[in-house]
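Take a look at the structure set out below.
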Amino acid sequence: IWECIEKFEDVFNIDPKRKYITGHSMGGFGAWYLAEKSVNKWAGLGIHAGALWYEIGLVSEEVAEKFKNLPTYFVCGTNDGLLSINQTAYHLLKDAGNPTVEFVTFSEDTNILPVMLKTCICG
């Protein structure tokens, strides 16, 4: 991952103040994990129904403290089995004093793809 990012930055003119990391499901876990290892590299973090249960220690007050100045955006379906762990992470960030953390839920289904398509395409 880090090599890929470095090569990408070598080839393209990337504004370091506009680098965001995001992921869906296991990718949401990956984004959370990588952001925790490199919080100062990112302008923001997006977690879309993140499988944050995968490594329980990563959803903690200690990690939330690291993220307290990182704009973070959670999206999860109200029927999604990952809702609870994502809400826990959200509340930890709020409790740590993150003023820019947001949590959005949708109720159409547990799958975020139709919601994303409707939002992005039909706006």
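Please note that chains go A, B, ... in the order of the structure tokens, that every chain numbers its residues from 1, and that ligands are numbered from 1 in the order shown.
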Item checked: strand (DSSP E or B) call set, DSSP backbone run, segment 28-77 of chain A, as a ChimeraX atom specification -> /A:44-48,72-77
Give me a file of those residues, with N, CA and C atoms, as an mmCIF file, in the first residue's frame.
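Okay, this is what ended up in out.cif:
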```
data_model
loop_
_atom_site.group_PDB
_atom_site.id
_atom_site.type_symbol
_atom_site.label_atom_id
_atom_site.label_comp_id
_atom_site.auth_asym_id
_atom_site.auth_seq_id
_atom_site.Cartn_x
_atom_site.Cartn_y
_atom_site.Cartn_z
ATOM 1 N N GLY A 44 -8.776 13.320 5.803
ATOM 2 C CA GLY A 44 -10.032 12.813 6.323
ATOM 3 C C GLY A 44 -10.137 11.312 6.157
ATOM 4 N N LEU A 45 -11.104 10.740 6.858
ATOM 5 C CA LEU A 45 -11.320 9.295 6.896
ATOM 6 C C LEU A 45 -12.794 9.014 6.633
ATOM 7 N N GLY A 46 -13.068 8.076 5.732
ATOM 8 C CA GLY A 46 -14.441 7.664 5.449
ATOM 9 C C GLY A 46 -14.616 6.182 5.723
ATOM 10 N N ILE A 47 -15.574 5.842 6.566
ATOM 11 C CA ILE A 47 -15.852 4.449 6.910
ATOM 12 C C ILE A 47 -17.274 4.135 6.457
ATOM 13 N N HIS A 48 -17.396 3.228 5.509
ATOM 14 C CA HIS A 48 -18.698 2.855 4.954
ATOM 15 C C HIS A 48 -19.009 1.426 5.375
ATOM 16 N N THR A 72 -13.886 12.700 10.113
ATOM 17 C CA THR A 72 -14.264 11.298 9.904
ATOM 18 C C THR A 72 -15.752 11.220 9.597
ATOM 19 N N TYR A 73 -16.074 10.430 8.586
ATOM 20 C CA TYR A 73 -17.442 10.309 8.088
ATOM 21 C C TYR A 73 -17.821 8.835 8.051
ATOM 22 N N PHE A 74 -18.836 8.474 8.810
ATOM 23 C CA PHE A 74 -19.348 7.101 8.847
ATOM 24 C C PHE A 74 -20.653 7.034 8.060
ATOM 25 N N VAL A 75 -20.843 5.945 7.314
ATOM 26 C CA VAL A 75 -22.103 5.657 6.628
ATOM 27 C C VAL A 75 -22.413 4.193 6.876
ATOM 28 N N CYS A 76 -23.660 3.899 7.287
ATOM 29 C CA CYS A 76 -24.018 2.500 7.546
ATOM 30 C C CYS A 76 -25.534 2.340 7.471
ATOM 31 N N GLY A 77 -25.966 1.198 6.991
ATOM 32 C CA GLY A 77 -27.389 0.889 6.934
ATOM 33 C C GLY A 77 -27.941 0.552 8.309
#
```
Check: What lies within 8 Å of segment 24-37 of chain A using only C-alpha atoms, ignoring chain neighbours under 4 positions off, as an MDAnalysis selection string?
Finding: chainID A and resid 41:42 45:52 54 58 63 66:67
Write the residues of the preceding selection, restricted to C-alpha atoms, as a short mmCIF file (atom, residue, chain, number, x, y, z; two decimals), in the first residue's frame.
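Generated output (again_10.cif):
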```cif
data_model
loop_
_atom_site.label_atom_id
_atom_site.label_comp_id
_atom_site.auth_asym_id
_atom_site.auth_seq_id
_atom_site.Cartn_x
_atom_site.Cartn_y
_atom_site.Cartn_z
CA LYS A 41 -0.99 11.65 6.18
CA TRP A 42 -4.73 12.10 5.73
CA LEU A 45 -11.32 9.30 6.90
CA GLY A 46 -14.44 7.66 5.45
CA ILE A 47 -15.85 4.45 6.91
CA HIS A 48 -18.70 2.86 4.95
CA ALA A 49 -20.17 -0.03 6.96
CA GLY A 50 -16.67 -0.81 8.19
CA ALA A 51 -15.88 -4.31 9.48
CA LEU A 52 -14.27 -2.70 12.52
CA TYR A 54 -12.01 -7.54 12.77
CA LEU A 58 -8.51 -0.81 17.02
CA VAL A 63 -7.24 5.23 18.73
CA LYS A 66 -5.34 9.81 17.68
CA PHE A 67 -8.30 10.62 15.40
#
```
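Using only C-alpha atoms, the shortest contact distance between Phe106 of chain A and any of A:His91, A:Asp80, A:Lys68, A:Ile85 is found at A:Asp80.
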Need the shell around Val59 of chain A: protein/DNA/RNA residues with any atom at most 9 Å away, counting only C-alpha atoms. Skip same-chain ones fewer than 6 positions apart. Format as a compact mmCIF listing (two decimals) with C-alpha atoms, in the first residue's frame?
```txt
# COMPACT_ATOMS: atom_id res chain seq x y z
CA LEU A 52 -14.27 -2.70 12.52
CA TRP A 53 -14.85 -5.81 14.66
CA ILE A 85 -19.43 -1.40 15.97
CA ASN A 86 -19.50 1.63 13.67
CA THR A 88 -19.26 2.56 18.94
CA ALA A 89 -16.35 3.98 16.94
CA LEU A 92 -15.54 7.15 20.86
```
Check: Taking the backbone alone, and naming residues the way the document does, which bits of segment 18-104 of chain A are helix (DSSP H, G or I) by DSSP, as a ChimeraX atom specification?
Finding: /A:18,26-37,39-41,52-58,61-66,83-95
Notebook entry, point to check: What does the distance from atom CA of Glu65 of chain A to atom CA of Gly97 of chain A come to in Å, to one decimal?
Noted result: 8.1 Å
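Put simply, atom CA of Gln87 of chain A is 7.8 Å away from atom CA of Phe103 of chain A.
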